$ cat my_file29.cif   # mmCIF, C-alpha atoms
data_structure
loop_
_atom_site.label_atom_id
_atom_site.label_comp_id
_atom_site.auth_asym_id
_atom_site.auth_seq_id
_atom_site.Cartn_x
_atom_site.Cartn_y
_atom_site.Cartn_z
CA MET A 1 0.00 0.00 0.00
CA LEU A 2 1.22 3.43 -0.91
CA SER A 3 2.41 5.44 2.08
CA ARG A 4 1.61 9.07 2.79
CA ARG A 5 4.59 11.30 2.25
CA ILE A 6 6.28 13.74 4.61
CA ILE A 7 8.03 16.38 2.55
CA PRO A 8 10.32 19.02 4.02
CA CYS A 9 10.40 22.05 1.78
CA LEU A 10 13.62 23.97 1.42
CA ASP A 11 13.24 27.48 0.06
CA VAL A 12 16.49 28.37 -1.63
CA ARG A 13 17.78 31.89 -2.03
CA ASP A 14 21.32 32.74 -3.09
CA GLY A 15 22.46 29.18 -2.47
CA GLN A 16 21.08 28.92 1.07
CA VAL A 17 17.90 27.63 2.64
CA VAL A 18 15.68 30.44 3.93
CA LYS A 19 12.24 30.77 5.48
CA GLY A 20 9.88 33.68 5.71
CA VAL A 21 6.60 34.20 7.50
CA ARG A 22 3.70 34.55 5.09
CA PHE A 23 6.25 34.58 2.29
CA ARG A 24 8.02 37.68 3.69
CA ASP A 25 11.07 38.54 5.76
CA HIS A 26 13.28 35.61 4.87
CA VAL A 27 15.90 34.39 7.33
CA VAL A 28 18.69 31.94 6.56
CA MET A 29 18.02 28.44 7.92
CA GLY A 30 21.13 26.61 6.73
CA GLU A 31 23.22 25.17 3.93
CA ILE A 32 21.40 23.20 1.20
CA VAL A 33 23.28 19.90 1.14
CA GLU A 34 23.65 19.81 4.91
CA LEU A 35 19.90 20.22 5.47
CA ALA A 36 19.06 17.77 2.68
CA LEU A 37 21.23 15.11 4.31
CA ARG A 38 19.75 15.79 7.73
CA TYR A 39 16.21 15.27 6.47
CA ARG A 40 17.18 12.16 4.53
CA ASP A 41 18.69 10.71 7.71
CA GLU A 42 15.58 11.57 9.71
CA GLY A 43 13.32 9.69 7.29
CA ALA A 44 11.88 12.38 5.02
CA ASP A 45 10.14 10.71 2.09
CA GLU A 46 10.99 13.37 -0.41
CA LEU A 47 12.44 16.87 -0.56
CA VAL A 48 11.26 19.91 -2.43
CA PHE A 49 13.60 22.77 -3.24
CA TYR A 50 12.11 26.07 -4.28
CA ASP A 51 14.43 28.65 -5.75
CA ILE A 52 12.08 31.34 -4.52
CA THR A 53 13.67 34.28 -6.25
CA ALA A 54 14.24 32.66 -9.66
CA SER A 55 10.79 33.39 -11.05
CA PRO A 56 10.46 37.02 -9.92
CA GLU A 57 14.00 37.67 -11.18
CA GLY A 58 13.17 36.08 -14.53
CA ARG A 59 15.93 33.47 -14.36
CA SER A 60 16.01 29.70 -14.13
CA VAL A 61 17.19 27.65 -11.18
CA ASP A 62 20.92 27.34 -10.49
CA ARG A 63 21.89 23.80 -11.45
CA GLY A 64 25.07 23.63 -9.40
CA TRP A 65 23.33 22.84 -6.13
CA VAL A 66 20.87 20.49 -7.83
CA GLU A 67 23.79 18.33 -8.85
CA ARG A 68 25.40 18.54 -5.41
CA VAL A 69 22.15 17.38 -3.80
CA ALA A 70 21.67 14.59 -6.36
CA ARG A 71 25.11 13.17 -5.63
CA VAL A 72 24.49 12.65 -1.93
CA ILE A 73 20.73 12.10 -1.62
CA ASP A 74 19.08 8.70 -2.09
CA ILE A 75 15.47 9.82 -1.77
CA PRO A 76 13.54 11.65 -4.47
CA PHE A 77 13.61 15.39 -4.77
CA CYS A 78 11.76 17.98 -6.76
CA VAL A 79 13.10 21.32 -7.91
CA ALA A 80 11.10 24.45 -8.57
CA GLY A 81 12.04 27.94 -9.58
CA GLY A 82 11.64 29.82 -12.80
CA ILE A 83 11.59 26.78 -15.12
CA ARG A 84 10.14 28.27 -18.31
CA SER A 85 10.96 25.79 -21.04
CA VAL A 86 11.49 22.13 -21.85
CA ASP A 87 15.22 22.80 -22.21
CA GLU A 88 15.48 24.37 -18.75
CA ALA A 89 13.50 21.50 -17.26
CA ARG A 90 15.72 18.96 -19.00
CA ALA A 91 18.82 20.60 -17.58
CA VAL A 92 17.44 20.37 -14.03
CA LEU A 93 16.35 16.76 -14.51
CA HIS A 94 19.69 15.84 -16.03
CA ALA A 95 21.42 17.44 -13.06
CA GLY A 96 19.69 14.78 -10.99
CA ALA A 97 16.30 16.11 -9.90
CA ASP A 98 13.49 13.57 -10.07
CA LYS A 99 10.71 16.02 -10.72
CA ILE A 100 10.36 19.62 -11.69
CA SER A 101 7.68 21.92 -10.38
CA VAL A 102 6.32 24.88 -12.26
CA ASN A 103 4.20 27.66 -10.86
CA SER A 104 4.42 31.26 -12.13
CA PRO A 105 5.73 30.32 -15.61
CA ALA A 106 2.80 27.92 -16.07
CA LEU A 107 0.46 30.81 -15.32
CA GLU A 108 2.27 32.98 -17.86
CA ARG A 109 2.01 30.26 -20.50
CA PRO A 110 -0.15 27.25 -19.57
CA ALA A 111 1.02 25.28 -22.66
CA LEU A 112 4.31 24.84 -20.80
CA ILE A 113 2.62 22.06 -18.82
CA ASP A 114 1.63 20.21 -22.01
CA GLU A 115 5.15 20.53 -23.38
CA LEU A 116 6.78 19.24 -20.20
CA ALA A 117 4.39 16.29 -19.97
CA ALA A 118 5.03 15.39 -23.61
CA ALA A 119 8.79 15.60 -23.17
CA PHE A 120 9.22 13.82 -19.83
CA GLY A 121 5.93 12.13 -18.96
CA VAL A 122 3.38 13.45 -16.49
CA GLN A 123 5.17 11.76 -13.58
CA CYS A 124 7.97 14.34 -13.77
CA VAL A 125 5.67 17.32 -13.88
CA VAL A 126 4.50 18.94 -10.66
CA VAL A 127 2.43 22.09 -10.72
CA GLY A 128 2.63 24.35 -7.70
CA ILE A 129 -0.34 26.57 -7.00
CA ASP A 130 -0.28 29.50 -4.60
CA SER A 131 -3.81 30.20 -3.50
CA LEU A 132 -5.46 32.81 -1.32
CA ARG A 133 -9.08 33.43 -0.40
CA ASP A 134 -10.40 36.74 -1.67
CA ALA A 135 -12.92 38.97 0.09
CA ASP A 136 -15.75 37.45 -1.94
CA GLY A 137 -14.97 34.01 -0.48
CA GLU A 138 -13.40 32.55 -3.62
CA TRP A 139 -9.92 31.02 -3.62
CA ARG A 140 -7.86 32.53 -6.38
CA VAL A 141 -4.37 32.00 -7.69
CA ARG A 142 -1.39 34.24 -6.88
CA GLN A 143 1.64 34.65 -9.09
CA TYR A 144 5.32 35.58 -8.35
CA THR A 145 4.84 34.97 -4.64
CA GLY A 146 8.60 34.69 -4.09
CA ASP A 147 8.79 38.47 -4.01
CA PRO A 148 6.02 40.33 -2.13
CA ALA A 149 6.60 43.44 -4.26
CA LYS A 150 5.90 41.45 -7.43
CA THR A 151 3.14 39.17 -6.21
CA GLN A 152 0.03 39.42 -8.35
CA ALA A 153 -3.53 38.39 -7.61
CA LEU A 154 -5.07 36.70 -10.61
CA ALA A 155 -8.66 36.37 -11.70
CA ARG A 156 -8.24 32.58 -12.01
CA ARG A 157 -10.16 30.51 -9.50
CA THR A 158 -7.89 28.00 -7.81
CA LEU A 159 -10.19 25.04 -8.46
CA ASP A 160 -10.52 25.94 -12.16
CA TRP A 161 -6.77 26.14 -12.49
CA MET A 162 -6.41 22.75 -10.77
CA ALA A 163 -8.73 21.17 -13.33
CA GLU A 164 -6.89 22.82 -16.19
CA VAL A 165 -3.39 21.80 -15.12
CA GLN A 166 -4.51 18.17 -14.82
CA ARG A 167 -5.97 18.28 -18.33
CA ARG A 168 -2.68 19.65 -19.57
CA GLY A 169 -0.54 16.98 -17.95
CA ALA A 170 0.28 17.77 -14.33
CA GLY A 171 1.30 14.54 -12.58
CA GLU A 172 1.10 16.04 -9.11
CA ILE A 173 -0.20 19.24 -7.57
CA VAL A 174 1.22 21.11 -4.61
CA LEU A 175 -1.46 23.40 -3.22
CA ASN A 176 0.08 26.12 -1.16
CA CYS A 177 -2.61 27.75 0.95
CA MET A 178 -1.07 31.17 1.49
CA GLY A 179 -3.60 32.22 4.09
CA SER A 180 -2.29 29.60 6.48
CA ASP A 181 1.36 29.57 5.42
CA GLY A 182 4.00 30.24 8.05
CA VAL A 183 1.62 30.77 10.94
CA ARG A 184 1.50 27.15 12.16
CA ARG A 185 -2.23 26.99 12.84
CA GLY A 186 -2.83 23.97 10.66
CA TYR A 187 -3.31 23.20 7.01
CA ASP A 188 -6.31 24.78 5.29
CA LEU A 189 -8.48 21.67 5.48
CA GLU A 190 -11.51 23.31 3.94
CA GLN A 191 -9.62 24.33 0.84
CA LEU A 192 -7.71 21.04 0.65
CA ARG A 193 -10.93 19.03 0.81
CA GLU A 194 -12.39 21.01 -2.06
CA ALA A 195 -9.15 20.62 -3.98
CA ARG A 196 -9.10 16.88 -3.33
CA ALA A 197 -12.54 16.53 -4.83
CA VAL A 198 -11.28 17.85 -8.18
CA CYS A 199 -7.77 16.37 -8.06
CA ASN A 200 -7.20 12.90 -9.53
CA VAL A 201 -3.42 13.06 -9.37
CA PRO A 202 -1.38 13.12 -6.14
CA LEU A 203 -2.16 16.21 -4.06
CA ILE A 204 0.36 17.70 -1.67
CA ALA A 205 -0.76 20.03 1.12
CA SER A 206 1.38 23.04 1.83
CA GLY A 207 1.12 25.89 4.31
CA GLY A 208 0.25 25.94 7.97
CA ALA A 209 1.78 22.89 9.67
CA GLY A 210 2.44 23.58 13.34
CA THR A 211 1.77 20.35 15.20
CA MET A 212 1.73 16.62 14.51
CA GLU A 213 -2.07 16.72 14.63
CA HIS A 214 -2.06 19.13 11.72
CA PHE A 215 -0.34 16.54 9.56
CA ARG A 216 -2.72 13.82 10.68
CA ASP A 217 -5.72 16.05 9.94
CA ALA A 218 -4.47 16.75 6.42
CA PHE A 219 -4.10 13.04 5.70
CA VAL A 220 -7.24 11.82 7.44
CA GLU A 221 -9.63 14.69 6.80
CA ALA A 222 -8.45 16.00 3.44
CA ASP A 223 -7.02 12.73 2.05
CA VAL A 224 -3.89 14.40 0.71
CA ASP A 225 -1.06 12.19 -0.55
CA GLY A 226 1.71 14.20 1.00
CA ALA A 227 2.20 17.02 3.46
CA LEU A 228 4.83 19.64 2.92
CA ALA A 229 6.27 21.81 5.65
CA ALA A 230 9.31 23.95 6.23
CA SER A 231 9.66 25.96 9.41
CA VAL A 232 8.51 23.27 11.86
CA PHE A 233 11.21 20.98 10.50
CA HIS A 234 13.96 23.58 10.11
CA SER A 235 13.43 24.87 13.65
CA GLY A 236 13.28 21.40 15.15
CA ALA A 237 9.78 22.01 16.51
CA ILE A 238 8.74 18.70 14.93
CA ALA A 239 11.18 15.83 14.40
CA ILE A 240 10.31 13.57 11.49
CA PRO A 241 10.82 10.20 13.24
CA GLY A 242 8.42 11.21 16.02
CA LEU A 243 5.95 12.60 13.51
CA LYS A 244 5.93 9.37 11.53
CA ARG A 245 5.47 7.30 14.65
CA HIS A 246 2.56 9.52 15.65
CA LEU A 247 0.94 9.14 12.23
CA HIS A 248 1.49 5.38 12.24
CA ASP A 249 -0.10 5.13 15.71
CA HIS A 250 -3.13 6.97 14.35
CA GLY A 251 -3.61 4.64 11.41
CA VAL A 252 -1.89 6.66 8.71
CA VAL A 253 0.33 4.49 6.48
CA VAL A 254 3.85 5.90 6.54
CA ARG A 255 7.28 4.56 5.68
CA LEU A 256 8.99 3.85 9.00
CA MET B 1 34.14 -4.05 -13.53
CA ALA B 2 32.80 -2.07 -16.47
CA VAL B 3 29.26 -0.86 -15.90
CA VAL B 4 27.55 1.16 -18.59
CA LEU B 5 24.41 3.26 -18.50
CA VAL B 6 22.72 3.22 -21.87
CA ASP B 7 22.14 6.83 -22.90
CA ALA B 8 18.63 6.43 -24.20
CA GLY B 9 17.73 9.98 -23.30
CA GLY B 10 16.12 9.16 -19.96
CA THR B 11 16.16 11.93 -17.44
CA ASN B 12 17.11 9.83 -14.41
CA ILE B 13 20.53 9.00 -15.80
CA GLY B 14 22.27 11.45 -13.49
CA SER B 15 20.68 10.05 -10.36
CA VAL B 16 21.34 6.42 -11.32
CA ARG B 17 24.94 7.30 -12.00
CA TYR B 18 25.35 8.99 -8.62
CA ALA B 19 23.73 6.01 -6.87
CA LEU B 20 26.31 3.73 -8.48
CA GLN B 21 29.08 6.12 -7.42
CA ARG B 22 27.84 5.85 -3.85
CA LEU B 23 28.41 2.09 -4.24
CA GLY B 24 31.94 2.74 -5.50
CA VAL B 25 31.22 2.10 -9.18
CA ASP B 26 31.92 4.70 -11.84
CA ALA B 27 29.49 3.87 -14.63
CA ALA B 28 30.05 5.25 -18.10
CA LEU B 29 27.13 6.92 -19.83
CA THR B 30 27.24 5.78 -23.42
CA ALA B 31 25.35 4.99 -26.60
CA ASP B 32 28.43 3.42 -28.20
CA PRO B 33 27.55 -0.14 -29.33
CA ALA B 34 31.06 -1.46 -28.74
CA ARG B 35 31.19 -0.23 -25.15
CA ILE B 36 27.75 -1.58 -24.39
CA ARG B 37 28.50 -4.96 -25.95
CA THR B 38 31.72 -5.43 -23.98
CA ALA B 39 30.50 -4.10 -20.61
CA ASP B 40 30.22 -6.43 -17.61
CA LYS B 41 26.87 -4.93 -16.62
CA VAL B 42 24.41 -2.88 -18.62
CA ILE B 43 21.80 -0.59 -17.10
CA LEU B 44 18.95 0.89 -19.13
CA PRO B 45 17.53 3.78 -17.12
CA GLY B 46 14.52 5.73 -18.22
CA VAL B 47 11.99 8.30 -17.26
CA GLY B 48 9.49 9.35 -19.84
CA ALA B 49 7.15 7.64 -22.24
CA ALA B 50 7.53 4.28 -24.00
CA GLY B 51 7.18 5.57 -27.57
CA PRO B 52 9.97 8.18 -27.41
CA GLY B 53 12.11 5.71 -25.41
CA MET B 54 11.93 3.03 -28.13
CA ALA B 55 12.30 5.65 -30.87
CA ARG B 56 15.51 6.80 -29.24
CA LEU B 57 16.91 3.23 -29.08
CA CYS B 58 16.04 2.76 -32.77
CA GLU B 59 17.66 6.07 -33.70
CA LEU B 60 20.84 5.03 -31.90
CA GLY B 61 20.81 1.66 -33.65
CA LEU B 62 20.72 -0.13 -30.30
CA VAL B 63 17.62 -2.33 -30.64
CA GLU B 64 19.31 -5.41 -32.07
CA LEU B 65 22.34 -4.84 -29.89
CA MET B 66 20.21 -4.81 -26.72
CA ARG B 67 18.48 -8.00 -27.85
CA GLY B 68 21.80 -9.77 -28.25
CA LEU B 69 23.30 -8.92 -24.85
CA THR B 70 24.34 -11.87 -22.68
CA GLN B 71 25.74 -10.08 -19.61
CA PRO B 72 23.43 -9.00 -16.75
CA VAL B 73 21.12 -6.20 -17.90
CA LEU B 74 18.95 -4.05 -15.62
CA GLY B 75 16.10 -1.87 -16.83
CA VAL B 76 14.92 0.77 -14.37
CA CYS B 77 11.37 2.17 -14.45
CA LEU B 78 10.66 2.89 -18.13
CA GLY B 79 13.85 0.94 -18.87
CA MET B 80 12.21 -2.14 -17.36
CA GLN B 81 9.10 -1.61 -19.46
CA LEU B 82 11.19 -1.32 -22.61
CA LEU B 83 12.58 -4.82 -21.95
CA CYS B 84 9.03 -6.22 -22.23
CA THR B 85 7.01 -7.14 -25.30
CA HIS B 86 4.61 -4.30 -25.82
CA SER B 87 3.44 -1.20 -23.98
CA GLN B 88 -0.08 0.09 -23.98
CA GLU B 89 1.47 3.55 -23.62
CA GLY B 90 1.33 4.91 -27.14
CA ASP B 91 0.76 1.32 -28.43
CA THR B 92 4.51 0.76 -28.53
CA ALA B 93 6.37 -2.41 -29.56
CA CYS B 94 9.22 -2.87 -27.08
CA LEU B 95 12.39 -5.00 -27.03
CA GLY B 96 10.60 -8.28 -26.31
CA LEU B 97 13.31 -9.63 -24.01
CA ILE B 98 10.92 -10.44 -21.20
CA PRO B 99 7.66 -11.84 -22.58
CA ALA B 100 5.25 -9.67 -20.63
CA PRO B 101 2.93 -6.81 -21.55
CA VAL B 102 2.93 -3.31 -20.08
CA GLY B 103 -0.50 -1.86 -19.31
CA ARG B 104 -1.96 1.17 -17.63
CA LEU B 105 -2.38 0.85 -13.87
CA ALA B 106 -5.88 -0.05 -12.77
CA GLU B 107 -8.11 2.75 -11.53
CA ALA B 108 -9.73 2.54 -8.13
CA PRO B 109 -11.62 5.03 -5.99
CA GLY B 110 -9.29 7.05 -3.80
CA LEU B 111 -6.13 5.81 -5.54
CA ARG B 112 -4.26 8.20 -7.73
CA ILE B 113 -2.46 7.73 -11.01
CA PRO B 114 0.48 8.25 -11.41
CA HIS B 115 1.37 5.84 -8.62
CA MET B 116 3.80 8.18 -6.94
CA GLY B 117 5.50 7.56 -3.64
CA TRP B 118 6.83 4.86 -1.34
CA ASN B 119 5.25 1.43 -1.48
CA ARG B 120 6.12 -1.94 0.00
CA LEU B 121 7.87 -4.63 -2.00
CA ALA B 122 6.66 -8.19 -1.51
CA ALA B 123 9.07 -10.91 -2.61
CA LYS B 124 7.39 -13.67 -4.63
CA LYS B 125 10.34 -15.78 -5.76
CA PRO B 126 13.82 -16.19 -4.33
CA HIS B 127 16.43 -14.51 -6.50
CA PRO B 128 19.91 -13.13 -5.76
CA LEU B 129 18.64 -9.72 -6.91
CA LEU B 130 16.39 -9.61 -3.83
CA ASP B 131 19.02 -10.63 -1.25
CA GLY B 132 18.73 -8.67 1.98
CA MET B 133 15.55 -6.93 0.90
CA GLY B 134 13.69 -8.27 3.91
CA GLU B 135 10.05 -9.20 4.03
CA ASP B 136 8.76 -5.83 3.02
CA GLY B 137 11.22 -3.21 1.91
CA TRP B 138 9.93 0.23 0.93
CA ALA B 139 10.73 1.49 -2.54
CA TYR B 140 9.98 4.72 -4.39
CA PHE B 141 7.68 4.46 -7.41
CA VAL B 142 6.66 7.00 -10.03
CA HIS B 143 4.74 5.52 -12.94
CA SER B 144 1.36 5.18 -14.64
CA TYR B 145 2.02 1.93 -16.52
CA ALA B 146 3.07 -1.42 -15.12
CA VAL B 147 3.74 -5.08 -15.88
CA PRO B 148 1.03 -7.41 -14.55
CA VAL B 149 2.05 -10.20 -12.19
CA GLY B 150 3.22 -13.21 -14.23
CA GLU B 151 5.77 -15.90 -14.77
CA TYR B 152 8.74 -13.52 -14.61
CA THR B 153 7.65 -11.59 -11.52
CA LEU B 154 10.14 -11.70 -8.62
CA ALA B 155 8.51 -9.10 -6.38
CA THR B 156 5.28 -7.14 -6.40
CA ALA B 157 3.79 -3.96 -5.02
CA ASP B 158 0.13 -3.08 -4.61
CA HIS B 159 -1.72 -0.07 -6.00
CA ALA B 160 -5.31 -0.93 -6.91
CA GLY B 161 -4.05 -4.51 -7.20
CA GLU B 162 -0.69 -6.21 -7.40
CA PHE B 163 1.73 -5.48 -10.21
CA SER B 164 5.33 -6.48 -10.95
CA ALA B 165 7.89 -4.44 -9.02
CA VAL B 166 10.86 -6.64 -9.97
CA ILE B 167 11.03 -8.99 -12.96
CA ALA B 168 13.73 -11.19 -14.45
CA ARG B 169 14.21 -13.60 -17.28
CA GLY B 170 17.68 -15.04 -17.83
CA ASN B 171 20.17 -12.17 -17.85
CA PHE B 172 17.49 -9.48 -18.21
CA HIS B 173 16.18 -7.81 -15.06
CA GLY B 174 13.82 -4.96 -14.39
CA MET B 175 12.84 -2.76 -11.45
CA GLN B 176 9.69 -0.68 -11.77
CA PHE B 177 10.65 1.55 -8.83
CA HIS B 178 13.69 3.80 -8.63
CA PRO B 179 16.44 1.99 -6.73
CA GLU B 180 18.55 5.13 -7.01
CA ARG B 181 15.91 6.95 -4.94
CA SER B 182 14.82 4.15 -2.62
CA ALA B 183 17.25 4.79 0.24
CA ALA B 184 18.92 1.72 1.80
CA VAL B 185 16.65 -0.85 0.13
CA GLY B 186 17.37 0.59 -3.31
CA ALA B 187 21.11 0.69 -2.67
CA ARG B 188 21.02 -2.97 -1.59
CA LEU B 189 19.17 -4.08 -4.71
CA LEU B 190 21.53 -2.14 -6.96
CA LYS B 191 24.45 -3.74 -5.14
CA ASN B 192 22.86 -7.14 -5.69
CA PHE B 193 22.63 -6.45 -9.41
CA LEU B 194 26.29 -5.45 -9.54
CA SER B 195 27.15 -8.75 -7.80
CA LEU B 196 25.24 -10.97 -10.26
#

$ encode --input "my_file29.cif" --output "structure tokens"
Amino acid sequence: MLSRRIIPCLDVRDGQVVKGVRFRDHVVMGEIVELALRYRDEGADELVFYDITASPEGRSVDRGWVERVARVIDIPFCVAGGIRSVDEARAVLHAGADKISVNSPALERPALIDELAAAFGVQCVVVGIDSLRDADGEWRVRQYTGDPAKTQALARRTLDWMAEVQRRGAGEIVLNCMGSDGVRRGYDLEQLREARAVCNVPLIASGGAGTMEHFRDAFVEADVDGALAASVFHSGAIAIPGLKRHLHDHGVVVRL
Amino acid sequence: MAVVLVDAGGTNIGSVRYALQRLGVDAALTADPARIRTADKVILPGVGAAGPGMARLCELGLVELMRGLTQPVLGVCLGMQLLCTHSQEGDTACLGLIPAPVGRLAEAPGLRIPHMGWNRLAAKKPHPLLDGMGEDGWAYFVHSYAVPVGEYTLATADHAGEFSAVIARGNFHGMQFHPERSAAVGARLLKNFLSL
């Protein structure tokens, strides 16, 4: 039986892992390879690296660290950050990443998803979606969230975009609920449940993990395939072995 | 020992190569028929779709060469599927070295395709490739197509029903999961292949 995945997310900026609160005020959390190895040793199922400034700066991800991570890590990892073309994606995959994730560039040009799926198969193609609830109660997509000054609110409804990216060839969706990100009050279960109902590919919850119960709730109540978190892992507030034991004890299938 | 990775354009070549390096083996990445023919071990990696994968082997003139290999050969993920007879993915004729079909994974409520993540391996037949795997090792899978359980199945995994996770026929072997990304279990199985 497929296990549920625990996925530490490492936001990369200028070659280091950083974390901000509500996507702002980034502080350095550590060195990329060092943190990657630590999480591998602790039993992380997968790692996601976001080059958070690549997209707003209009450049692709730096492949040097992708290769350094690939050499030492024996669990899968996904790389995101400004990948705008099949050639850029190929370079990241050839450097050793298992999957590539696209977000803002897919919003600029949705056909990018079709092209990536055709070139590498849907299983390599993750689409990240940054979503925030507007005053009218609708969840809508945000673009260029790596830089608060450049972040744009779009007219696209999050659930519509989820349906579209699956039609185009997304093999997995990471739904980052910005309203709950960085504040550790739990994943946005309401939004995740609605997303789950329209998502036939693996769905990864992102934004809001603060306690072990939050992870359990996301798996049990929103039926997500994986849960992504950053600050609770970087700070040591939650240790992965204990988290997995907790989930196992509550009936969630995890790799122990 | 000369280990070669067949450069069939798969995108997991880098990670397979690094996994072998962690085991102390420097594998050459090559599409050169002479080097492949004379290697001690041949690995056919692959991420992507069956049609382009076979097209690439044809383009490189490697189809007949692959069919004639007598040393241990390991296909990983799509590479394993290419060793089989035919893939439903793009209605693609494959190498036919392991007489088994490749079909789309079964659908079931609440189970997603692609099958992506860690799943348990269940050994079905004793084989040196599975040494030290234990009763139920975890391995990392990412795929939408699979080989049904059959005569050449050594180990299975379950996602809306059992499918072949490890297959072998003679000197040809296949792993549907990614040993290069399956932590200690994957490293052990790769090591077993290198020891065949």

$ atom_distance --input "my_file29.cif" --atom1 "atom CA of Ala95 of chain A" --atom2 "atom CA of Val79 of chain A"
10.5 Å

$ residues_around --input "my_file29.cif" --residues "segment 98-112 of chain A" --least-positions-apart "4" --cutoff "6 Å" --atoms "all atoms listed in the file" --output "list in words"
Pro76, Phe77, Cys78, Val79, Ala80, Arg84, Cys124, Val125, Val126, Val127, Gly128, Gln143 and Tyr144 of chain A

$ write_last_selection --input "my_file29.cif" --atoms "C-alpha atoms" --output "mmCIF file, in the frame of the given file"
data_model
loop_
_atom_site.group_PDB
_atom_site.id
_atom_site.type_symbol
_atom_site.label_atom_id
_atom_site.label_comp_id
_atom_site.auth_asym_id
_atom_site.auth_seq_id
_atom_site.Cartn_x
_atom_site.Cartn_y
_atom_site.Cartn_z
ATOM 1 C CA PRO A 76 13.540 11.650 -4.470
ATOM 2 C CA PHE A 77 13.610 15.390 -4.770
ATOM 3 C CA CYS A 78 11.760 17.980 -6.760
ATOM 4 C CA VAL A 79 13.100 21.320 -7.910
ATOM 5 C CA ALA A 80 11.100 24.450 -8.570
ATOM 6 C CA ARG A 84 10.140 28.270 -18.310
ATOM 7 C CA CYS A 124 7.970 14.340 -13.770
ATOM 8 C CA VAL A 125 5.670 17.320 -13.880
ATOM 9 C CA VAL A 126 4.500 18.940 -10.660
ATOM 10 C CA VAL A 127 2.430 22.090 -10.720
ATOM 11 C CA GLY A 128 2.630 24.350 -7.700
ATOM 12 C CA GLN A 143 1.640 34.650 -9.090
ATOM 13 C CA TYR A 144 5.320 35.580 -8.350
#

$ closest_atom_pairs --input "my_file29.cif" --of "chain A" --to "chain B" --cutoff "10 Å" --atoms "only C-alpha atoms" --output "Markdown table"
| residue | atom | partner | partner_atom | distance |
| --- | --- | --- | --- | --- |
| A:Met1 | CA | B:Asp158 | CA | 5.5 |
| A:Leu2 | CA | B:Asn119 | CA | 4.5 |
| A:Ser3 | CA | B:Trp118 | CA | 5.6 |
| A:Arg4 | CA | B:Gly117 | CA | 7.7 |
| A:Arg5 | CA | B:Gly117 | CA | 7.0 |
| A:Arg40 | CA | B:Ala183 | CA | 8.5 |
| A:Asp41 | CA | B:Ala183 | CA | 9.6 |
| A:Gly43 | CA | B:Ala183 | CA | 9.4 |
| A:Asp45 | CA | B:Trp118 | CA | 7.5 |
| A:Glu46 | CA | B:Gly117 | CA | 8.6 |
| A:Glu67 | CA | B:Gly14 | CA | 8.4 |
| A:Val69 | CA | B:Ser15 | CA | 9.9 |
| A:Ala70 | CA | B:Ser15 | CA | 6.1 |
| A:Arg71 | CA | B:Tyr18 | CA | 5.1 |
| A:Val72 | CA | B:Tyr18 | CA | 7.7 |
| A:Ile73 | CA | B:Arg181 | CA | 7.8 |
| A:Asp74 | CA | B:Arg181 | CA | 4.6 |
| A:Ile75 | CA | B:Arg181 | CA | 4.3 |
| A:Pro76 | CA | B:Arg181 | CA | 5.3 |
| A:Phe77 | CA | B:Arg181 | CA | 8.7 |
| A:Ala89 | CA | B:Thr11 | CA | 9.9 |
| A:Arg90 | CA | B:Thr11 | CA | 7.2 |
| A:Ala91 | CA | B:Thr11 | CA | 9.1 |
| A:Val92 | CA | B:Thr11 | CA | 9.2 |
| A:Leu93 | CA | B:Thr11 | CA | 5.7 |
| A:His94 | CA | B:Thr11 | CA | 5.5 |
| A:Ala95 | CA | B:Gly14 | CA | 6.1 |
| A:Gly96 | CA | B:Ser15 | CA | 4.9 |
| A:Ala97 | CA | B:Ser15 | CA | 7.5 |
| A:Asp98 | CA | B:Asn12 | CA | 6.8 |
| A:Lys99 | CA | B:Thr11 | CA | 9.6 |
| A:Ala117 | CA | B:Gly48 | CA | 8.6 |
| A:Ala118 | CA | B:Ala49 | CA | 8.2 |
| A:Ala119 | CA | B:Gly48 | CA | 7.1 |
| A:Phe120 | CA | B:Gly48 | CA | 4.5 |
| A:Gly121 | CA | B:Gly48 | CA | 4.6 |
| A:Val122 | CA | B:Pro114 | CA | 7.8 |
| A:Gln123 | CA | B:Val142 | CA | 6.1 |
| A:Cys124 | CA | B:Gly48 | CA | 8.0 |
| A:Ala170 | CA | B:Pro114 | CA | 10.0 |
| A:Gly171 | CA | B:Pro114 | CA | 6.5 |
| A:Glu172 | CA | B:Pro114 | CA | 8.1 |
| A:Arg196 | CA | B:Gly110 | CA | 9.8 |
| A:Cys199 | CA | B:Arg112 | CA | 8.9 |
| A:Asn200 | CA | B:Arg112 | CA | 5.8 |
| A:Val201 | CA | B:Arg112 | CA | 5.2 |
| A:Pro202 | CA | B:Arg112 | CA | 5.9 |
| A:Leu203 | CA | B:Arg112 | CA | 9.1 |
| A:Asp223 | CA | B:Gly110 | CA | 8.5 |
| A:Asp225 | CA | B:Gly117 | CA | 8.6 |
| A:Gly226 | CA | B:Gly117 | CA | 8.9 |
| A:Val253 | CA | B:Asn119 | CA | 9.8 |
| A:Val254 | CA | B:Trp118 | CA | 8.5 |
| A:Arg255 | CA | B:Trp138 | CA | 7.0 |
| A:Leu256 | CA | B:Trp138 | CA | 8.9 |

$ resolve_selection --input "my_file29.cif" --expression "the PyMOL selection byres ((chain B and resi 66) around 10)" --output "list in words"
Val6, Pro33, Ile36, Arg37, Val42, Leu44, Leu57, Gly61, Leu62, Val63, Glu64, Leu65, Arg67, Gly68, Leu69, Thr70, Val73, Leu83, Leu95 and Leu97 of chain B

$ residues_near_point --input "my_file29.cif" --point "(38.0, -7.3, -13.1)" --cutoff "12 Å" --atoms "only C-alpha atoms" --output "JSON, numbers by chain"
{"B": [1, 2, 3, 39, 40, 41]}
